[in-house]
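Below is one structure, written out as structure tokens, with a few remarks after it.
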Amino acid sequence: MVIRAAAIDTIYLDTLIRGGWGEAFGVEPPYVPGGAAAGTVESVGSGVDPTWTGRRVLAGPGTTGAYAELVRTAIDRLVPVPDDLGLPEAAALAHDGVTATGLVEAMEITLGERVLILGAGGGMGTLLVQMAHAAGAHVIGAARGVEKLDLVKGLGADATVDYSETDWIERVREAADRRSIDVLLDGVGGELGAAAFALVGDKGRVSTHGVAAGGFARLDDDVVRARDITVRGIEHVQFEAPEMVRLATRALAEAAAGRLRPVIDKQFDLSEATAAHRAIENRTVRGKALLIP
């Protein structure tokens with residue numbers, strides 16, 4: 001399948017691979033970046049139903065070389081885009097919508113639970129805030145800077161905390177009414193993630209899927225076992241094609257129905273991919289940055 005791209009997803013992983021982490025993710029230069037795009041089917045391969053041609057679709061995660069005007073993908077990575085959803089919004093949900101939906105399903109967040117989200121102002125964080133709020137949780141969104149905190153608050157967080165401040169852990173405790181955290185969704189990692197882990201109560205649930213602080217949070221395995229805490233890592237949000245399509249279809253449907261809003265902060269011309277990466281690395285993007293061919 002060949003897709004004429006209308007909007008291309010960018011994620012922090014793209015900047016890591018470009019910065020030298022390629023070997024860790026099975027990528028060797030030279031390569032074309034990008035793992036997802038939304039657009040219109042331009043042509044189909046042999047044996048593929050020709051009625052796909054002209055349809056609005058998402059070439060979902062697992063697609064390669066998506067930083068392009070024409071994107072080639074396998075049919076098992078193709079997700080129809082609902083009529084009521086724009087292609088930029090679909091692209092914004094390509095990775096983050098899939099991962100966030102899978103995380104929330106696995107964490108089984110319930111009414112009244114205290115959920116702490118690190119990196120709440122990013123592409124996936126903004127979705128997790130909305131999903132946890134919809135589940136009836138008491139949501140504490142942690143991010144950096146007033147603009148991101150205001151955004152997170154407007155998306156349904158009950159409290160926000162700036163983790164660039166030295167007393168941020170104490171502020172989280174106050175926001176949780178001095179009670180332990182039931183669910184930690186760590187999109188940042190590093191020392192911030194490790195510090196937040198100490199707030200999680202016995203039998204709590206933790207997802208350590210972020211490396212924005214320089215690496216995954218290092219957790220003490222003995223503590224995890226002794227306190228019966230369930231920990232899920234980045235390997236638990238790597239989905240095979242059928243599951244990816246299911247999760248993407250659900251995320252797109254939620255957005256089309258108005259129950260989920262992908263936050264698109266910046267759009268760059270495809271030729272300005274370097275500027276998009278700089279914005280992501282400098283933490284100046286609230287929500288998503290997209291590339292527009």
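Ordering of the structure tokens sets the chain letters (A, B, ...), residue numbers begin anew at 1 in every chain, and ligands are numbered from 1 in the order given.
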For the interface of stretch 21-115 of chain A with stretch 282-290 of chain A (cut-off 10 Å, counting only C-alpha atoms), please tabulate each contacting residue of stretch 21-115 of chain A alongside its nearest pair of atoms and their separation in Å to one decimal, rows sorted by chain and increasing number, as a tab-separated table.
```
residue	atom	partner	partner_atom	distance
A:Ala37	CA	A:Leu290	CA	9.5
A:Pro88	CA	A:Leu290	CA	7.6
A:Glu89	CA	A:Leu290	CA	9.6
A:Ala91	CA	A:Leu290	CA	7.7
A:Ala92	CA	A:Lys288	CA	6.4
A:Leu93	CA	A:Lys288	CA	9.2
A:Asp96	CA	A:Lys288	CA	9.3
```
Please dump the current selection as a tab-separated table (two decimals), in the first residue's frame; keep N, CA and C atoms.
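part_5.tsv, freshly written:
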```tsv
chain	number	residue	atom	x	y	z
A	37	ALA	N	1.85	7.67	9.79
A	37	ALA	CA	1.34	8.83	9.07
A	37	ALA	C	-0.12	8.62	8.72
A	88	PRO	N	-4.85	15.20	10.52
A	88	PRO	CA	-3.85	15.56	11.52
A	88	PRO	C	-4.14	14.96	12.89
A	89	GLU	N	-5.41	14.95	13.29
A	89	GLU	CA	-5.78	14.36	14.58
A	89	GLU	C	-5.50	12.85	14.58
A	91	ALA	N	-3.17	11.34	12.83
A	91	ALA	CA	-1.71	11.17	12.94
A	91	ALA	C	-1.24	11.39	14.37
A	92	ALA	N	-1.86	12.35	15.05
A	92	ALA	CA	-1.47	12.66	16.43
A	92	ALA	C	-1.78	11.50	17.37
A	93	LEU	N	-2.69	10.62	16.98
A	93	LEU	CA	-3.08	9.48	17.81
A	93	LEU	C	-2.36	8.19	17.40
A	96	ASP	N	0.76	7.61	20.21
A	96	ASP	CA	0.34	7.94	21.57
A	96	ASP	C	-1.05	7.43	21.89
```
Give me the residues within 10 Å of A:Leu199 as a PyMOL selection string, counting only C-alpha atoms and dropping any in the same chain fewer than 4 places off.
chain A and resi 116+169-170+172-173+176+178-184+194-195+204
The selected residues should be written to file as a compact mmCIF listing (two decimals), in the first residue's frame (atoms: all heavy atoms).
```
# COMPACT_ATOMS: atom_id res chain seq x y z
N LEU A 116 -1.04 9.26 39.29
CA LEU A 116 -0.01 10.26 39.03
C LEU A 116 0.55 10.04 37.64
O LEU A 116 1.01 8.93 37.31
CB LEU A 116 1.11 10.16 40.08
CG LEU A 116 2.34 11.04 39.85
CD1 LEU A 116 1.98 12.53 39.81
CD2 LEU A 116 3.40 10.77 40.92
N ILE A 169 7.69 16.57 45.05
CA ILE A 169 7.20 15.35 45.67
C ILE A 169 6.25 15.68 46.82
O ILE A 169 5.18 15.06 46.97
CB ILE A 169 8.37 14.49 46.18
CG1 ILE A 169 9.12 13.86 45.00
CG2 ILE A 169 7.88 13.41 47.14
CD1 ILE A 169 8.34 12.81 44.25
N GLU A 170 6.60 16.69 47.61
CA GLU A 170 5.72 17.11 48.70
C GLU A 170 4.40 17.64 48.15
O GLU A 170 3.33 17.38 48.73
CB GLU A 170 6.41 18.18 49.53
CG GLU A 170 5.56 18.73 50.67
CD GLU A 170 5.15 17.68 51.69
OE1 GLU A 170 5.82 16.63 51.79
OE2 GLU A 170 4.13 17.90 52.39
N VAL A 172 2.95 16.64 45.41
CA VAL A 172 2.16 15.47 45.01
C VAL A 172 1.47 14.86 46.22
O VAL A 172 0.29 14.50 46.17
CB VAL A 172 3.03 14.43 44.29
CG1 VAL A 172 2.23 13.14 44.04
CG2 VAL A 172 3.55 14.97 42.97
N ARG A 173 2.20 14.75 47.32
CA ARG A 173 1.60 14.19 48.54
C ARG A 173 0.39 15.03 48.97
O ARG A 173 -0.64 14.48 49.37
CB ARG A 173 2.64 14.15 49.66
CG ARG A 173 3.74 13.12 49.48
CD ARG A 173 4.51 12.92 50.78
NE ARG A 173 5.53 11.88 50.64
CZ ARG A 173 6.82 12.13 50.47
NH1 ARG A 173 7.25 13.39 50.41
NH2 ARG A 173 7.68 11.14 50.36
N ALA A 176 -2.54 14.37 46.80
CA ALA A 176 -3.12 13.04 47.05
C ALA A 176 -3.70 12.93 48.45
O ALA A 176 -4.02 11.82 48.90
CB ALA A 176 -2.06 11.97 46.84
N ARG A 178 -2.27 13.18 51.24
CA ARG A 178 -1.35 12.42 52.09
C ARG A 178 -1.56 10.91 52.00
O ARG A 178 -1.10 10.16 52.88
CB ARG A 178 -1.46 12.86 53.56
CG ARG A 178 -1.13 14.30 53.79
CD ARG A 178 0.36 14.53 53.68
NE ARG A 178 0.71 15.94 53.65
CZ ARG A 178 1.96 16.37 53.53
NH1 ARG A 178 2.94 15.52 53.40
NH2 ARG A 178 2.22 17.67 53.50
N ARG A 179 -2.23 10.47 50.97
CA ARG A 179 -2.43 9.05 50.76
C ARG A 179 -1.51 8.57 49.63
O ARG A 179 -1.01 9.37 48.85
CB ARG A 179 -3.89 8.76 50.43
CG ARG A 179 -4.84 9.21 51.55
CD ARG A 179 -6.27 9.20 51.10
NE ARG A 179 -6.79 7.87 50.87
CZ ARG A 179 -7.98 7.61 50.35
NH1 ARG A 179 -8.77 8.62 49.99
NH2 ARG A 179 -8.38 6.37 50.19
N SER A 180 -1.29 7.28 49.55
CA SER A 180 -0.37 6.76 48.55
C SER A 180 -1.00 6.81 47.15
O SER A 180 -2.22 6.90 47.00
CB SER A 180 0.03 5.32 48.88
OG SER A 180 -1.13 4.50 48.94
N ILE A 181 -0.15 6.74 46.15
CA ILE A 181 -0.58 6.72 44.76
C ILE A 181 -0.95 5.28 44.38
O ILE A 181 -0.20 4.34 44.67
CB ILE A 181 0.54 7.25 43.84
CG1 ILE A 181 0.85 8.72 44.16
CG2 ILE A 181 0.18 7.08 42.38
CD1 ILE A 181 -0.30 9.66 43.93
N ASP A 182 -2.08 5.12 43.74
CA ASP A 182 -2.51 3.79 43.30
C ASP A 182 -1.88 3.39 41.97
O ASP A 182 -1.51 2.23 41.76
CB ASP A 182 -4.04 3.74 43.16
CG ASP A 182 -4.75 3.98 44.47
OD1 ASP A 182 -4.54 3.19 45.40
OD2 ASP A 182 -5.49 4.98 44.58
N VAL A 183 -1.80 4.37 41.05
CA VAL A 183 -1.29 4.11 39.70
C VAL A 183 -0.31 5.21 39.32
O VAL A 183 -0.65 6.39 39.37
CB VAL A 183 -2.43 4.05 38.66
CG1 VAL A 183 -1.86 3.80 37.26
CG2 VAL A 183 -3.43 2.97 39.03
N LEU A 184 0.91 4.82 38.93
CA LEU A 184 1.91 5.75 38.42
C LEU A 184 2.12 5.47 36.94
O LEU A 184 2.49 4.35 36.56
CB LEU A 184 3.22 5.60 39.19
CG LEU A 184 4.45 6.31 38.58
CD1 LEU A 184 4.23 7.82 38.53
CD2 LEU A 184 5.72 5.95 39.35
N ALA A 194 12.00 7.57 39.45
CA ALA A 194 12.36 6.84 40.66
C ALA A 194 11.80 7.51 41.91
O ALA A 194 11.33 6.84 42.84
CB ALA A 194 13.88 6.73 40.75
N ALA A 195 11.83 8.84 41.94
CA ALA A 195 11.28 9.57 43.09
C ALA A 195 9.78 9.37 43.19
O ALA A 195 9.23 9.19 44.28
CB ALA A 195 11.61 11.06 42.97
N GLY A 204 0.19 -1.38 44.34
CA GLY A 204 -0.04 -0.38 43.31
C GLY A 204 0.39 -0.88 41.94
O GLY A 204 0.95 -1.97 41.79
```
Residue contacts of stretch 222-234 of chain A (10 Å, only C-alpha atoms) excluding same-chain residues fewer than 5 positions away, as a compact mmCIF listing (two decimals) with N, CA and C atoms, in the first residue's frame:
```txt
# COMPACT_ATOMS: atom_id res chain seq x y z
N THR A 99 -0.66 3.60 22.44
CA THR A 99 0.01 3.28 23.70
C THR A 99 -0.84 3.66 24.91
N LEU A 103 -2.25 1.13 27.69
CA LEU A 103 -1.87 1.31 29.09
C LEU A 103 -3.07 1.37 30.01
N ALA A 106 -4.70 -1.96 30.47
CA ALA A 106 -3.91 -2.87 31.30
C ALA A 106 -3.94 -2.46 32.77
N MET A 107 -3.94 -1.15 33.03
CA MET A 107 -3.90 -0.66 34.40
C MET A 107 -5.25 -0.77 35.11
N ASP A 182 -2.08 5.12 43.74
CA ASP A 182 -2.51 3.79 43.30
C ASP A 182 -1.88 3.39 41.97
N VAL A 183 -1.80 4.37 41.05
CA VAL A 183 -1.29 4.11 39.70
C VAL A 183 -0.31 5.21 39.32
N LEU A 184 0.91 4.82 38.93
CA LEU A 184 1.91 5.75 38.42
C LEU A 184 2.12 5.47 36.94
N LEU A 185 1.90 6.48 36.11
CA LEU A 185 2.15 6.38 34.67
C LEU A 185 3.34 7.30 34.38
N ASP A 186 4.51 6.69 34.25
CA ASP A 186 5.77 7.43 34.17
C ASP A 186 6.23 7.57 32.74
N PHE A 197 8.10 6.80 42.16
CA PHE A 197 7.82 5.42 42.54
C PHE A 197 7.67 5.27 44.06
N ALA A 198 8.43 6.07 44.80
CA ALA A 198 8.37 6.00 46.26
C ALA A 198 7.01 6.40 46.82
N VAL A 200 4.14 5.34 45.50
CA VAL A 200 3.17 4.30 45.16
C VAL A 200 2.94 3.39 46.36
N GLY A 201 1.67 3.10 46.61
CA GLY A 201 1.32 2.26 47.74
C GLY A 201 1.48 0.78 47.45
N ASP A 202 1.37 -0.04 48.49
CA ASP A 202 1.41 -1.49 48.34
C ASP A 202 0.31 -1.94 47.37
N LYS A 203 0.66 -2.91 46.53
CA LYS A 203 -0.24 -3.46 45.51
C LYS A 203 -0.60 -2.43 44.44
N GLY A 204 0.19 -1.38 44.34
CA GLY A 204 -0.04 -0.38 43.31
C GLY A 204 0.39 -0.88 41.94
N ARG A 205 0.11 -0.07 40.92
CA ARG A 205 0.48 -0.41 39.54
C ARG A 205 1.32 0.72 38.95
N VAL A 206 2.36 0.33 38.23
CA VAL A 206 3.32 1.30 37.70
C VAL A 206 3.61 0.97 36.24
N SER A 207 3.65 2.00 35.41
CA SER A 207 4.13 1.85 34.04
C SER A 207 5.34 2.75 33.87
N THR A 208 6.48 2.16 33.50
CA THR A 208 7.70 2.93 33.28
C THR A 208 8.00 2.92 31.78
N HIS A 209 7.33 3.80 31.04
CA HIS A 209 7.42 3.78 29.59
C HIS A 209 8.18 4.97 29.01
N GLY A 210 8.68 5.88 29.87
CA GLY A 210 9.30 7.10 29.37
C GLY A 210 10.77 7.20 29.68
N VAL A 211 11.51 7.91 28.78
CA VAL A 211 12.96 8.10 28.95
C VAL A 211 13.36 9.56 28.76
N PHE A 216 15.19 5.04 31.51
CA PHE A 216 14.07 4.54 32.29
C PHE A 216 14.37 4.65 33.78
N ALA A 217 13.32 4.83 34.57
CA ALA A 217 13.50 4.90 36.02
C ALA A 217 14.04 3.56 36.53
```
Could you list, as a list of chain:residue names, every residue within 12 Å of A:Lys148, counting only C-alpha atoms and ignoring same-chain residues fewer than 5 positions away?
A:Leu118, A:Gly119, A:Ala120, A:Gly121, A:Gly122, A:Gly123, A:Gly125, A:Thr126, A:Gly141, A:Ala142, A:Ala143, A:Lys153, A:Gly154, A:Leu155, A:Ala157, A:Thr160, A:Val161, A:Asp162, A:Tyr163, A:Val263, A:Asp265, A:Arg283, A:Thr284, A:Val285, A:Arg286, A:Gly287
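Considering only stretch 3-58 of chain A, backbone DSSP assigns alpha helix (DSSP H) to Tyr12, Leu13, Asp14, Thr15 and Leu16 of chain A.
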Nearest to A:Ala134, chosen from A:Leu260, A:Leu219, A:Leu247, A:Ala255, with only C-alpha atoms counted in the distances:
A:Leu260
Interatomic distance between atom CA of A:Ser43 and atom CA of A:Ile264?
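Separating atom CA of A:Ser43 from atom CA of A:Ile264 is a distance of 28.5 Å.
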Taking 2 positions as the minimum chain separation for residues in the same chain, which residues sit within 12 Å of A:Gly86 when counting only C-alpha atoms? Answer as a list in words.
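Near neighbours after the sequence-gap exclusion: Ala6, Ala7, Ala38, Gly39, Thr40, Arg56, Val57, Leu58, Pro80, Val81, Pro82, Asp83, Asp84, Pro88, Glu89, Ala90, Ala91, Ala92, Leu93, Leu252, Ala253, Ala255, Ala256, Arg261, Pro262 and Ile264 of chain A.
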Determine, counting only C-alpha atoms, which protein, DNA and RNA residues have an atom within 8 Å of an atom of A:Met1; residues of the same chain fewer than 2 positions away are not included. Present the result as an MDAnalysis selection string.
chainID A and resid 3 41:45 72:75
Limited to N, CA, C and O atoms, could you put the picked residues into a file as an mmCIF file, in the first residue's frame?
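Below is the file part13.cif, written as the result:
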```cif
data_model
loop_
_atom_site.group_PDB
_atom_site.id
_atom_site.type_symbol
_atom_site.label_atom_id
_atom_site.label_comp_id
_atom_site.auth_asym_id
_atom_site.auth_seq_id
_atom_site.Cartn_x
_atom_site.Cartn_y
_atom_site.Cartn_z
ATOM 1 N N ILE A 3 0.578 5.352 0.676
ATOM 2 C CA ILE A 3 -0.271 6.389 1.257
ATOM 3 C C ILE A 3 0.305 7.753 0.895
ATOM 4 O O ILE A 3 1.504 7.983 1.057
ATOM 5 N N VAL A 41 -5.046 6.611 0.588
ATOM 6 C CA VAL A 41 -4.427 5.520 -0.156
ATOM 7 C C VAL A 41 -4.255 5.933 -1.611
ATOM 8 O O VAL A 41 -5.218 6.248 -2.303
ATOM 9 N N GLU A 42 -3.015 5.912 -2.060
ATOM 10 C CA GLU A 42 -2.671 6.287 -3.434
ATOM 11 C C GLU A 42 -2.735 5.092 -4.371
ATOM 12 O O GLU A 42 -3.215 5.185 -5.494
ATOM 13 N N SER A 43 -2.234 3.963 -3.890
ATOM 14 C CA SER A 43 -2.236 2.762 -4.721
ATOM 15 C C SER A 43 -2.126 1.534 -3.827
ATOM 16 O O SER A 43 -1.696 1.621 -2.673
ATOM 17 N N VAL A 44 -2.525 0.401 -4.364
ATOM 18 C CA VAL A 44 -2.472 -0.853 -3.612
ATOM 19 C C VAL A 44 -1.642 -1.865 -4.376
ATOM 20 O O VAL A 44 -1.478 -1.775 -5.594
ATOM 21 N N GLY A 45 -1.112 -2.842 -3.643
ATOM 22 C CA GLY A 45 -0.304 -3.870 -4.253
ATOM 23 C C GLY A 45 -1.136 -5.010 -4.815
ATOM 24 O O GLY A 45 -2.367 -5.039 -4.703
ATOM 25 N N ARG A 72 4.975 3.948 2.255
ATOM 26 C CA ARG A 72 4.603 2.564 1.971
ATOM 27 C C ARG A 72 4.389 1.819 3.273
ATOM 28 O O ARG A 72 5.186 1.929 4.211
ATOM 29 N N THR A 73 3.298 1.065 3.350
ATOM 30 C CA THR A 73 3.017 0.282 4.544
ATOM 31 C C THR A 73 2.297 -1.003 4.157
ATOM 32 O O THR A 73 1.746 -1.116 3.047
ATOM 33 N N ALA A 74 2.301 -1.972 5.075
ATOM 34 C CA ALA A 74 1.581 -3.222 4.839
ATOM 35 C C ALA A 74 0.114 -3.038 5.195
ATOM 36 O O ALA A 74 -0.244 -2.227 6.056
ATOM 37 N N ILE A 75 -0.742 -3.809 4.568
ATOM 38 C CA ILE A 75 -2.178 -3.665 4.799
ATOM 39 C C ILE A 75 -2.540 -3.997 6.243
ATOM 40 O O ILE A 75 -3.526 -3.465 6.778
#
```
